[in-house]
Amino acid sequence: MNKKIFRSMLSVCVGLGFICIILVCYILYGYFETIIKNELKTEMNIISEEVENNEYYLQKIAPIGNRITLVASNGTVIYDSKADAEKMENHKNREEIAGALEDGRAYSVRYSDTLSTKTIYYAERLNDGNVLRISAEQSVVALLLKEVVGPFVVILLITIALAALVSGRVSRRILKPINEMDIENRNEDEPYPELAPLVAKIREQNRRIETQIEEMTRKQREFKAITDNMSEGFLLIDNRQEVLSYNKAAIELIGDSHLRESGNAPVTAYELNRSRPFRTAVEEALGGYNSQQMLELGERAFSIIANPVYENTTGEEKGSNGAVIIIIDVTEKEGRERLRREFTSNVSHELKTPLTTIYGVSDMILGGIVKEGDIAKFAGDIKSESARMIALIDDILMLSRLDETDSSEECQFETVDLYDAAAEVLQHLDAKAKERGISLELSGEHVSADVIPSYCSIMINNLCENAIKYNKDGGKVTVTVGQSSSAMTSSNAFIIVKDTGIGIPAEYQDRIFERFFRVDKSHSRSIGGTGLGLSIVKHAAIRMGCRLELTSTEGEGTEIRVIFS
Amino acid sequence: MRIRFDEQLELLNTMLIEMGALCEEAITCAVKLLKSDDPEMRARVHETENAINNSEREIENLCLKLLLQQQPVARDLRKISSALKMISDMERIGDQAYDIAEITASKPKVGHNVCHDLIVKMTDTSIEMVTGSIDSFVRKDKELAEQVIRQDDEVDALFDQVRDELIHAVADDVKSGEYMVDVLMIAKYLERISDHAVNIAEWVVFSITGMHIEADI
């Protein structure tokens, strides 16, 4: 723009310069002619008087100055200062002579044959009737120009130089405010009103770009926030297995320790993990199939779900443009699955054992192998095994009832005196305890709590039964009912069942509430029970919102506290 | 042109990692066979070994194509040439894993426990070395590669111990000589595997620094 302005200004200046010079030449040319004519007239005035008085005056002044011709009224040349009068033709028809004869004076201009000069003639009729003519030569415009071209060129050069200097300055000055214009600042006025629409347009575009960038950053932040806060690993790769996007969880879950520590971004998917299940998932997804793989890393298990990504949905090409991989930690789910499988196999085992006995014994009786007198004994066996099975099935039913979350009619909370409930249970268990010489003791105060009565008595029963079963002969079971006063909030009722039994080894203490778990598997049959007692206690406690606490020392005894909220 | 070249280098990288992963898998499976015989596992070693061989061929082709068509220089050239060397070591690792699997197939199931602990230690160390060498390639980690190279002495020492113990064991129990030889072979294969891991690590160092550790020129 600077250049453009500079050039146009310069060319305008130079062009004007030329035109000026040409005009000046033209005006000067006309002016010169007028001057010459006036000179001729003045000279004529001087000479004409002299010529009339002195015949020889002409010869005296002849050789210098302008050409002077004296023509008789009939056209004959009497005298000429530059040529021989004798030889000259009749001048009667010459324009200026004819004009002078008629009007007294006349001008005429004639160009020479070569056109290089022109001659200006002035003729005047004298008193004696003769005509006196004076002529002067003048160069034509072209020649005149040729003479003045030198100074003109100099002038022109100076003009160009000056024009260049000024144009440069001026164009810079024109552009300066444009360059200094603050497009960002909306309040600033544009330097030239002509620029207003352009500036407005630019500002509008700026604003649009700004909002778009803002929008995009916001979306990106949102996406990052979503992926980074996902507990599942997320990975997006292209068809060359280059990682396009990933979240922290992906590295946390399946990345190796190096990536986790250095915080480097993985470039290719295999840099993250190169185990077989992961590779299979990646390959299958890039091959255009959905893939789900299990990946085990140390103690944790992961489910890798890889889906192909098609960018354009034409689907002409087989294979995908990339893959989205989701990594889910399924360790806990797997653990739960394992527990369920164990439970099923335990149940079947526990059910099968008494059934086998029943079947065997009844088969023997049916086959007549058993002596008449022994039948009663075997029938007793069948009865006790059936009783065991019934107890087991009751427990299982109880557990499944506890598993169900809906509150049926049995699950109504009622206010119960815990001391009375415990006394009832102990009375019930008195016979069993006496068999092994175990003393039962109930202490504490009458405390009421909101509980589900049936669950509560089962809970106390199971705890006390265990305390008796896993006690030493002649041991002691102490049940304490009370109310904790230390709690800042409402006072909590509690029941403590304490025995002086065999205790629970520390490593099994978190497992005793699992279904069918037994510390000593080999003696489980002689002790009896289903292995579900404590599990029922746990679920009943959860159901009633109680807290269970366990303290146990191997060989010394166990103390279980139930704290009602 | 350059973009395409970069893409192909990236592909080479991915293929090498994949081949390395296959090697790790082959050894892990073969070693599991030492502990318990499992025909499925043996089939997997065989399958993996084939996959390794295919990988070697593919990578070789890619490397030669890159060398011819792109005429790489400096670091790219080092990377491609060290890749060419590394794959032959990886292929050998696959072969040796397969050999170990073969030996375990014919191993008489006697209750021998000679050198059991030493062999376990050797397998652990050599797996660690192979993993380390491949990790060092993946991360372009010179320190890790050098650590792998140093670890070789450990495996060599273990091998000597196994050999000594076996000599004594054979002297005590002449009848189970065949078994002892098998154990020695397994130990030797493990020792070779760790050597190959060292070679890989050396080429990793070369591709990073441009200096091969053994070349003191």
# chains A, B, ... in the order shown; residues from 1 in each chain; ligands from 1
>>> select_by_dssp(residues="segment 281-353 of chain A", states="alpha helix (DSSP H)", output="JSON, numbers by chain")
{"A": [281, 282, 283, 284, 285, 286, 331, 332, 333, 334, 335, 336, 337, 338, 339, 340, 341, 342, 343, 344, 345, 346, 347, 348, 349, 350, 351, 352, 353]}
>>> write_last_selection(atoms="C-alpha atoms", output="short mmCIF file (atom, residue, chain, number, x, y, z; two decimals), in the first residue's frame")
data_model
loop_
_atom_site.label_atom_id
_atom_site.label_comp_id
_atom_site.auth_asym_id
_atom_site.auth_seq_id
_atom_site.Cartn_x
_atom_site.Cartn_y
_atom_site.Cartn_z
CA ALA A 281 -8.02 -56.35 21.63
CA VAL A 282 -6.16 -53.66 19.68
CA GLU A 283 -5.73 -55.83 16.61
CA GLU A 284 -9.31 -56.99 16.52
CA ALA A 285 -10.66 -53.48 16.98
CA LEU A 286 -8.44 -52.15 14.21
CA THR A 331 -10.99 -57.28 40.21
CA GLU A 332 -13.83 -56.84 42.67
CA LYS A 333 -16.42 -58.18 40.31
CA GLU A 334 -14.23 -61.20 39.70
CA GLY A 335 -13.84 -61.59 43.46
CA ARG A 336 -17.58 -61.53 43.94
CA GLU A 337 -18.03 -64.07 41.16
CA ARG A 338 -15.51 -66.30 42.88
CA LEU A 339 -17.35 -65.98 46.20
CA ARG A 340 -20.62 -66.89 44.55
CA ARG A 341 -19.10 -69.91 42.87
CA GLU A 342 -17.61 -71.00 46.18
CA PHE A 343 -20.92 -70.51 47.90
CA THR A 344 -22.75 -72.65 45.37
CA SER A 345 -20.23 -75.43 45.61
CA ASN A 346 -20.27 -75.22 49.42
CA VAL A 347 -24.05 -75.40 49.55
CA SER A 348 -24.13 -78.40 47.27
CA HIS A 349 -21.45 -80.07 49.31
CA GLU A 350 -23.13 -79.38 52.62
CA LEU A 351 -26.44 -80.65 51.28
CA LYS A 352 -24.98 -83.72 49.72
CA THR A 353 -23.21 -85.02 52.81
#
>>> interface_residues(of="chain B", to="chain A", cutoff="7 Å", atoms="only C-alpha atoms", output="list of chain:residue names")
B:Leu11, B:Thr14, B:Ile17, B:Glu18, B:Ala21, B:Val138
>>> write_last_selection(atoms="N, CA and C atoms", output="PDB file, in the first residue's frame")
ATOM      1  N   LEU B  11       5.711 -47.488  12.472  1.00  0.00           N
ATOM      2  CA  LEU B  11       5.230 -48.862  12.268  1.00  0.00           C
ATOM      3  C   LEU B  11       6.303 -49.856  12.694  1.00  0.00           C
ATOM      4  N   THR B  14       6.354 -50.096  16.419  1.00  0.00           N
ATOM      5  CA  THR B  14       5.235 -50.896  16.922  1.00  0.00           C
ATOM      6  C   THR B  14       5.487 -52.384  16.692  1.00  0.00           C
ATOM      7  N   ILE B  17       8.030 -53.726  19.136  1.00  0.00           N
ATOM      8  CA  ILE B  17       7.461 -53.907  20.479  1.00  0.00           C
ATOM      9  C   ILE B  17       6.618 -55.177  20.505  1.00  0.00           C
ATOM     10  N   GLU B  18       5.859 -55.364  19.432  1.00  0.00           N
ATOM     11  CA  GLU B  18       4.997 -56.532  19.370  1.00  0.00           C
ATOM     12  C   GLU B  18       5.833 -57.811  19.382  1.00  0.00           C
ATOM     13  N   ALA B  21       7.113 -58.416  22.754  1.00  0.00           N
ATOM     14  CA  ALA B  21       6.063 -58.945  23.624  1.00  0.00           C
ATOM     15  C   ALA B  21       5.887 -60.435  23.369  1.00  0.00           C
ATOM     16  N   VAL B 138      11.582 -49.626  24.151  1.00  0.00           N
ATOM     17  CA  VAL B 138      10.327 -48.874  24.091  1.00  0.00           C
ATOM     18  C   VAL B 138      10.525 -47.463  24.618  1.00  0.00           C
TER      19      VAL B 138
END
>>> residues_around(residues="Ser535 of chain A", least_positions_apart="4", cutoff="9 Å", atoms="only C-alpha atoms", output="NGL selection string")
:A and (399 or 512-517 or 531 or 539-540)
>>> residues_around(residues="Asn466 of chain A", least_positions_apart="3", cutoff="10 Å", atoms="only C-alpha atoms", output="number ranges by chain")
A: 460-463, 469-471, 497, 499, 501, 527, 529, 533-534
>>> residues_around(residues="segment 166-170 of chain B", least_positions_apart="3", cutoff="9 Å", atoms="only C-alpha atoms", output="PDB file with N, CA and C atoms, in the first residue's frame")
ATOM      1  N   VAL B 114      16.570 -81.433  41.865  1.00  0.00           N
ATOM      2  CA  VAL B 114      17.928 -80.913  41.795  1.00  0.00           C
ATOM      3  C   VAL B 114      17.907 -79.535  41.127  1.00  0.00           C
ATOM      4  N   CYS B 115      18.609 -78.624  41.746  1.00  0.00           N
ATOM      5  CA  CYS B 115      18.773 -77.274  41.185  1.00  0.00           C
ATOM      6  C   CYS B 115      17.465 -76.529  40.972  1.00  0.00           C
ATOM      7  N   GLN B 161      26.790 -72.329  38.840  1.00  0.00           N
ATOM      8  CA  GLN B 161      26.314 -73.021  40.052  1.00  0.00           C
ATOM      9  C   GLN B 161      25.505 -74.256  39.691  1.00  0.00           C
ATOM     10  N   VAL B 162      24.595 -74.082  38.716  1.00  0.00           N
ATOM     11  CA  VAL B 162      23.767 -75.218  38.285  1.00  0.00           C
ATOM     12  C   VAL B 162      24.667 -76.345  37.814  1.00  0.00           C
ATOM     13  N   ARG B 163      25.657 -76.002  37.011  1.00  0.00           N
ATOM     14  CA  ARG B 163      26.544 -77.022  36.460  1.00  0.00           C
ATOM     15  C   ARG B 163      27.266 -77.764  37.587  1.00  0.00           C
ATOM     16  N   ASP B 173      23.837 -89.942  42.007  1.00  0.00           N
ATOM     17  CA  ASP B 173      22.711 -90.696  41.466  1.00  0.00           C
ATOM     18  C   ASP B 173      22.928 -90.880  39.967  1.00  0.00           C
ATOM     19  N   VAL B 174      23.604 -91.959  39.627  1.00  0.00           N
ATOM     20  CA  VAL B 174      24.028 -92.167  38.247  1.00  0.00           C
ATOM     21  C   VAL B 174      22.836 -92.439  37.323  1.00  0.00           C
ATOM     22  N   LYS B 175      21.783 -93.053  37.887  1.00  0.00           N
ATOM     23  CA  LYS B 175      20.660 -93.501  37.053  1.00  0.00           C
ATOM     24  C   LYS B 175      19.904 -92.360  36.374  1.00  0.00           C
ATOM     25  N   SER B 176      19.805 -91.247  37.063  1.00  0.00           N
ATOM     26  CA  SER B 176      19.000 -90.176  36.472  1.00  0.00           C
ATOM     27  C   SER B 176      19.875 -89.178  35.708  1.00  0.00           C
ATOM     28  N   GLY B 177      20.865 -89.700  35.054  1.00  0.00           N
ATOM     29  CA  GLY B 177      21.760 -88.857  34.262  1.00  0.00           C
ATOM     30  C   GLY B 177      21.030 -88.103  33.169  1.00  0.00           C
ATOM     31  N   MET B 180      19.449 -85.107  34.455  1.00  0.00           N
ATOM     32  CA  MET B 180      20.437 -84.059  34.778  1.00  0.00           C
ATOM     33  C   MET B 180      20.851 -83.304  33.521  1.00  0.00           C
ATOM     34  N   VAL B 181      21.035 -84.076  32.439  1.00  0.00           N
ATOM     35  CA  VAL B 181      21.451 -83.434  31.192  1.00  0.00           C
ATOM     36  C   VAL B 181      20.369 -82.466  30.725  1.00  0.00           C
ATOM     37  N   VAL B 183      18.252 -80.869  32.558  1.00  0.00           N
ATOM     38  CA  VAL B 183      18.301 -79.678  33.405  1.00  0.00           C
ATOM     39  C   VAL B 183      19.437 -78.769  32.948  1.00  0.00           C
ATOM     40  N   LEU B 184      20.574 -79.408  32.631  1.00  0.00           N
ATOM     41  CA  LEU B 184      21.722 -78.618  32.191  1.00  0.00           C
ATOM     42  C   LEU B 184      21.395 -77.868  30.893  1.00  0.00           C
TER      43      LEU B 184
END
>>> atom_distance(atom1="atom CA of Leu34 of chain B", atom2="atom CA of Ser303 of chain A")
29.0 Å
>>> atom_distance(atom1="atom CA of Leu235 of chain A", atom2="atom CA of Gly288 of chain A")
16.5 Å
>>> residues_around(residues="segment 88-103 of chain B", least_positions_apart="3", cutoff="8 Å", atoms="only C-alpha atoms", output="number ranges by chain")
B: 19-20, 23, 26-27, 30-31, 33-34, 42, 45-46, 48-49, 52-53, 56, 84-85, 106-107, 182, 186, 189-190, 192-193, 196-197, 199-200
>>> write_last_selection(atoms="C-alpha atoms", output="mmCIF file, in the first residue's frame")
data_model
loop_
_atom_site.group_PDB
_atom_site.id
_atom_site.type_symbol
_atom_site.label_atom_id
_atom_site.label_comp_id
_atom_site.auth_asym_id
_atom_site.auth_seq_id
_atom_site.Cartn_x
_atom_site.Cartn_y
_atom_site.Cartn_z
ATOM 1 C CA MET B 19 7.758 -58.977 18.557
ATOM 2 C CA GLY B 20 9.364 -58.263 21.915
ATOM 3 C CA CYS B 23 9.315 -63.189 23.011
ATOM 4 C CA ALA B 26 7.185 -67.444 24.651
ATOM 5 C CA ILE B 27 9.588 -67.559 27.586
ATOM 6 C CA ALA B 30 7.936 -72.212 28.312
ATOM 7 C CA VAL B 31 8.880 -71.582 31.916
ATOM 8 C CA LEU B 33 5.907 -75.792 31.436
ATOM 9 C CA LEU B 34 8.846 -76.359 33.755
ATOM 10 C CA ARG B 42 3.039 -76.187 24.845
ATOM 11 C CA VAL B 45 4.720 -71.808 22.848
ATOM 12 C CA HIS B 46 4.790 -73.355 19.405
ATOM 13 C CA THR B 48 4.169 -67.964 19.606
ATOM 14 C CA GLU B 49 7.421 -69.195 18.134
ATOM 15 C CA ILE B 52 7.953 -64.601 16.193
ATOM 16 C CA ASN B 53 9.396 -66.050 12.996
ATOM 17 C CA GLU B 56 11.083 -61.363 11.996
ATOM 18 C CA LEU B 84 17.706 -55.563 11.848
ATOM 19 C CA LYS B 85 20.174 -56.897 14.391
ATOM 20 C CA SER B 106 10.340 -85.505 27.195
ATOM 21 C CA LYS B 107 11.291 -84.902 30.803
ATOM 22 C CA ASP B 182 18.014 -82.028 30.469
ATOM 23 C CA ILE B 186 17.502 -75.883 30.123
ATOM 24 C CA TYR B 189 19.135 -72.237 27.040
ATOM 25 C CA LEU B 190 18.215 -69.786 29.757
ATOM 26 C CA ARG B 192 21.640 -68.129 25.999
ATOM 27 C CA ILE B 193 18.343 -66.252 26.273
ATOM 28 C CA HIS B 196 20.428 -62.493 23.512
ATOM 29 C CA ALA B 197 18.734 -60.034 25.851
ATOM 30 C CA ASN B 199 22.654 -58.255 22.601
ATOM 31 C CA ILE B 200 19.313 -56.520 22.220
#
>>> residues_around(residues="Ser194 of chain B", least_positions_apart="6", cutoff="12 Å", atoms="only C-alpha atoms", output="JSON, numbers by chain")
{"B": [24, 27, 89, 90, 92, 93, 96, 97, 122, 123, 124, 125, 126, 127, 128, 129, 130, 131, 132, 133, 148, 149, 150, 151, 152, 153, 154, 155, 156, 158, 159, 187, 188, 200, 201]}
>>> write_last_selection(atoms="N, CA and C atoms", output="short mmCIF file (atom, residue, chain, number, x, y, z; two decimals), in the first residue's frame")
data_model
loop_
_atom_site.label_atom_id
_atom_site.label_comp_id
_atom_site.auth_asym_id
_atom_site.auth_seq_id
_atom_site.Cartn_x
_atom_site.Cartn_y
_atom_site.Cartn_z
N GLU B 24 8.62 -62.30 25.15
CA GLU B 24 8.34 -62.41 26.58
C GLU B 24 7.33 -63.52 26.83
N ILE B 27 8.80 -67.10 26.43
CA ILE B 27 9.59 -67.56 27.59
C ILE B 27 8.67 -67.84 28.76
N ASP B 89 18.20 -61.57 17.22
CA ASP B 89 18.32 -62.01 18.61
C ASP B 89 16.97 -62.42 19.17
N MET B 90 15.95 -61.62 18.83
CA MET B 90 14.61 -61.94 19.34
C MET B 90 14.16 -63.28 18.79
N ARG B 92 16.01 -65.75 17.98
CA ARG B 92 16.74 -66.80 18.70
C ARG B 92 16.10 -67.05 20.07
N ILE B 93 15.68 -65.99 20.71
CA ILE B 93 15.01 -66.15 22.01
C ILE B 93 13.78 -67.02 21.85
N GLN B 96 14.79 -70.61 21.42
CA GLN B 96 15.24 -71.25 22.65
C GLN B 96 14.09 -71.52 23.62
N ALA B 97 13.12 -70.62 23.62
CA ALA B 97 11.94 -70.88 24.44
C ALA B 97 11.27 -72.15 23.95
N MET B 122 17.14 -68.51 37.75
CA MET B 122 17.64 -68.20 36.40
C MET B 122 16.51 -67.74 35.49
N THR B 123 15.38 -68.48 35.55
CA THR B 123 14.27 -68.10 34.67
C THR B 123 13.78 -66.71 35.02
N ASP B 124 13.65 -66.45 36.33
CA ASP B 124 13.17 -65.12 36.72
C ASP B 124 14.09 -64.04 36.20
N THR B 125 15.40 -64.27 36.38
CA THR B 125 16.35 -63.24 35.96
C THR B 125 16.33 -63.06 34.44
N SER B 126 16.26 -64.19 33.70
CA SER B 126 16.32 -64.01 32.25
C SER B 126 15.03 -63.38 31.71
N ILE B 127 13.91 -63.72 32.32
CA ILE B 127 12.67 -63.04 31.89
C ILE B 127 12.78 -61.55 32.17
N GLU B 128 13.30 -61.25 33.35
CA GLU B 128 13.48 -59.84 33.72
C GLU B 128 14.38 -59.12 32.71
N MET B 129 15.43 -59.84 32.28
CA MET B 129 16.36 -59.22 31.33
C MET B 129 15.71 -58.98 29.97
N VAL B 130 14.95 -59.98 29.51
CA VAL B 130 14.29 -59.81 28.22
C VAL B 130 13.30 -58.64 28.30
N THR B 131 12.50 -58.65 29.37
CA THR B 131 11.55 -57.56 29.56
C THR B 131 12.29 -56.22 29.63
N GLY B 132 13.39 -56.23 30.38
CA GLY B 132 14.17 -54.99 30.52
C GLY B 132 14.70 -54.51 29.19
N SER B 133 15.21 -55.45 28.37
CA SER B 133 15.80 -55.02 27.10
C SER B 133 14.71 -54.44 26.20
N VAL B 148 20.59 -54.03 32.04
CA VAL B 148 20.37 -55.38 31.50
C VAL B 148 21.71 -56.02 31.15
N ILE B 149 22.59 -55.23 30.54
CA ILE B 149 23.90 -55.77 30.15
C ILE B 149 24.67 -56.24 31.38
N ARG B 150 24.58 -55.48 32.47
CA ARG B 150 25.28 -55.87 33.70
C ARG B 150 24.69 -57.13 34.31
N GLN B 151 23.36 -57.27 34.15
CA GLN B 151 22.68 -58.40 34.79
C GLN B 151 23.17 -59.74 34.23
N ASP B 152 23.78 -59.73 33.09
CA ASP B 152 24.19 -60.98 32.45
C ASP B 152 25.13 -61.78 33.35
N ASP B 153 26.01 -61.08 34.08
CA ASP B 153 26.96 -61.77 34.96
C ASP B 153 26.22 -62.63 35.97
N GLU B 154 25.09 -62.11 36.45
CA GLU B 154 24.29 -62.83 37.43
C GLU B 154 23.87 -64.19 36.87
N VAL B 155 23.33 -64.15 35.65
CA VAL B 155 22.85 -65.39 35.03
C VAL B 155 24.02 -66.33 34.77
N ASP B 156 25.14 -65.79 34.33
CA ASP B 156 26.32 -66.63 34.09
C ASP B 156 26.74 -67.33 35.37
N LEU B 158 24.87 -68.00 37.93
CA LEU B 158 23.86 -69.00 38.26
C LEU B 158 24.08 -70.27 37.43
N PHE B 159 24.40 -70.06 36.18
CA PHE B 159 24.63 -71.22 35.31
C PHE B 159 25.78 -72.07 35.83
N ALA B 187 19.19 -74.99 31.60
CA ALA B 187 19.99 -73.91 32.17
C ALA B 187 20.78 -73.20 31.08
N LYS B 188 21.31 -74.01 30.16
CA LYS B 188 22.11 -73.43 29.08
C LYS B 188 21.24 -72.53 28.18
N ILE B 200 20.37 -57.49 22.54
CA ILE B 200 19.31 -56.52 22.22
C ILE B 200 19.59 -55.20 22.93
N ALA B 201 19.94 -55.33 24.22
CA ALA B 201 20.22 -54.11 24.99
C ALA B 201 21.38 -53.34 24.38
#
>>> atom_distance(atom1="atom CA of Arg67 of chain A", atom2="atom CA of Ala83 of chain A")
9.0 Å
>>> closest_residue(among="B:Ser81, B:Gln147, B:Asn54, B:Thr104", to="Phe206 of chain B", atoms="only C-alpha atoms")
B:Ser81
>>> decode(residues="segment 18-42 of chain B", atoms="N, CA and C atoms", output="PDB file, in the first residue's frame")
ATOM      1  N   GLU B  18       5.859 -55.364  19.432  1.00  0.00           N
ATOM      2  CA  GLU B  18       4.997 -56.532  19.370  1.00  0.00           C
ATOM      3  C   GLU B  18       5.833 -57.811  19.382  1.00  0.00           C
ATOM      4  N   MET B  19       6.907 -57.797  18.605  1.00  0.00           N
ATOM      5  CA  MET B  19       7.758 -58.977  18.557  1.00  0.00           C
ATOM      6  C   MET B  19       8.391 -59.221  19.922  1.00  0.00           C
ATOM      7  N   GLY B  20       8.801 -58.123  20.579  1.00  0.00           N
ATOM      8  CA  GLY B  20       9.364 -58.263  21.915  1.00  0.00           C
ATOM      9  C   GLY B  20       8.349 -58.880  22.869  1.00  0.00           C
ATOM     10  N   ALA B  21       7.113 -58.416  22.754  1.00  0.00           N
ATOM     11  CA  ALA B  21       6.063 -58.945  23.624  1.00  0.00           C
ATOM     12  C   ALA B  21       5.887 -60.435  23.369  1.00  0.00           C
ATOM     13  N   LEU B  22       5.968 -60.826  22.091  1.00  0.00           N
ATOM     14  CA  LEU B  22       5.834 -62.246  21.754  1.00  0.00           C
ATOM     15  C   LEU B  22       6.957 -63.052  22.408  1.00  0.00           C
ATOM     16  N   CYS B  23       8.179 -62.502  22.391  1.00  0.00           N
ATOM     17  CA  CYS B  23       9.315 -63.189  23.011  1.00  0.00           C
ATOM     18  C   CYS B  23       9.061 -63.397  24.504  1.00  0.00           C
ATOM     19  N   GLU B  24       8.620 -62.304  25.147  1.00  0.00           N
ATOM     20  CA  GLU B  24       8.339 -62.411  26.578  1.00  0.00           C
ATOM     21  C   GLU B  24       7.334 -63.521  26.828  1.00  0.00           C
ATOM     22  N   GLU B  25       6.324 -63.542  25.971  1.00  0.00           N
ATOM     23  CA  GLU B  25       5.261 -64.519  26.141  1.00  0.00           C
ATOM     24  C   GLU B  25       5.800 -65.937  25.957  1.00  0.00           C
ATOM     25  N   ALA B  26       6.638 -66.110  24.928  1.00  0.00           N
ATOM     26  CA  ALA B  26       7.185 -67.444  24.651  1.00  0.00           C
ATOM     27  C   ALA B  26       7.952 -67.963  25.854  1.00  0.00           C
ATOM     28  N   ILE B  27       8.798 -67.097  26.434  1.00  0.00           N
ATOM     29  CA  ILE B  27       9.588 -67.559  27.586  1.00  0.00           C
ATOM     30  C   ILE B  27       8.666 -67.838  28.763  1.00  0.00           C
ATOM     31  N   THR B  28       7.747 -66.918  29.015  1.00  0.00           N
ATOM     32  CA  THR B  28       6.863 -67.109  30.167  1.00  0.00           C
ATOM     33  C   THR B  28       6.120 -68.440  30.052  1.00  0.00           C
ATOM     34  N   CYS B  29       5.621 -68.721  28.867  1.00  0.00           N
ATOM     35  CA  CYS B  29       4.886 -69.980  28.672  1.00  0.00           C
ATOM     36  C   CYS B  29       5.823 -71.175  28.838  1.00  0.00           C
ATOM     37  N   ALA B  30       7.001 -71.098  28.240  1.00  0.00           N
ATOM     38  CA  ALA B  30       7.936 -72.212  28.312  1.00  0.00           C
ATOM     39  C   ALA B  30       8.307 -72.489  29.767  1.00  0.00           C
ATOM     40  N   VAL B  31       8.488 -71.421  30.520  1.00  0.00           N
ATOM     41  CA  VAL B  31       8.880 -71.582  31.916  1.00  0.00           C
ATOM     42  C   VAL B  31       7.742 -72.180  32.737  1.00  0.00           C
ATOM     43  N   LYS B  32       6.508 -71.826  32.378  1.00  0.00           N
ATOM     44  CA  LYS B  32       5.374 -72.418  33.077  1.00  0.00           C
ATOM     45  C   LYS B  32       5.374 -73.930  32.882  1.00  0.00           C
ATOM     46  N   LEU B  33       5.848 -74.354  31.715  1.00  0.00           N
ATOM     47  CA  LEU B  33       5.907 -75.792  31.436  1.00  0.00           C
ATOM     48  C   LEU B  33       6.885 -76.501  32.372  1.00  0.00           C
ATOM     49  N   LEU B  34       7.895 -75.760  32.815  1.00  0.00           N
ATOM     50  CA  LEU B  34       8.846 -76.359  33.755  1.00  0.00           C
ATOM     51  C   LEU B  34       8.135 -76.746  35.042  1.00  0.00           C
ATOM     52  N   LYS B  35       7.162 -75.937  35.426  1.00  0.00           N
ATOM     53  CA  LYS B  35       6.493 -76.158  36.696  1.00  0.00           C
ATOM     54  C   LYS B  35       5.400 -77.215  36.550  1.00  0.00           C
ATOM     55  N   SER B  36       4.612 -77.107  35.518  1.00  0.00           N
ATOM     56  CA  SER B  36       3.563 -78.120  35.333  1.00  0.00           C
ATOM     57  C   SER B  36       3.362 -78.350  33.852  1.00  0.00           C
ATOM     58  N   ASP B  37       3.191 -79.599  33.499  1.00  0.00           N
ATOM     59  CA  ASP B  37       3.048 -79.924  32.094  1.00  0.00           C
ATOM     60  C   ASP B  37       1.623 -79.618  31.655  1.00  0.00           C
ATOM     61  N   ASP B  38       1.503 -78.886  30.564  1.00  0.00           N
ATOM     62  CA  ASP B  38       0.180 -78.481  30.095  1.00  0.00           C
ATOM     63  C   ASP B  38       0.238 -78.429  28.574  1.00  0.00           C
ATOM     64  N   PRO B  39      -0.429 -79.383  27.915  1.00  0.00           N
ATOM     65  CA  PRO B  39      -0.323 -79.460  26.454  1.00  0.00           C
ATOM     66  C   PRO B  39      -0.772 -78.158  25.786  1.00  0.00           C
ATOM     67  N   GLU B  40      -1.749 -77.523  26.396  1.00  0.00           N
ATOM     68  CA  GLU B  40      -2.257 -76.283  25.805  1.00  0.00           C
ATOM     69  C   GLU B  40      -1.164 -75.218  25.782  1.00  0.00           C
ATOM     70  N   MET B  41      -0.434 -75.181  26.920  1.00  0.00           N
ATOM     71  CA  MET B  41       0.643 -74.201  27.040  1.00  0.00           C
ATOM     72  C   MET B  41       1.733 -74.491  26.012  1.00  0.00           C
ATOM     73  N   ARG B  42       1.998 -75.809  25.801  1.00  0.00           N
ATOM     74  CA  ARG B  42       3.039 -76.187  24.845  1.00  0.00           C
ATOM     75  C   ARG B  42       2.633 -75.757  23.438  1.00  0.00           C
TER      76      ARG B  42
END
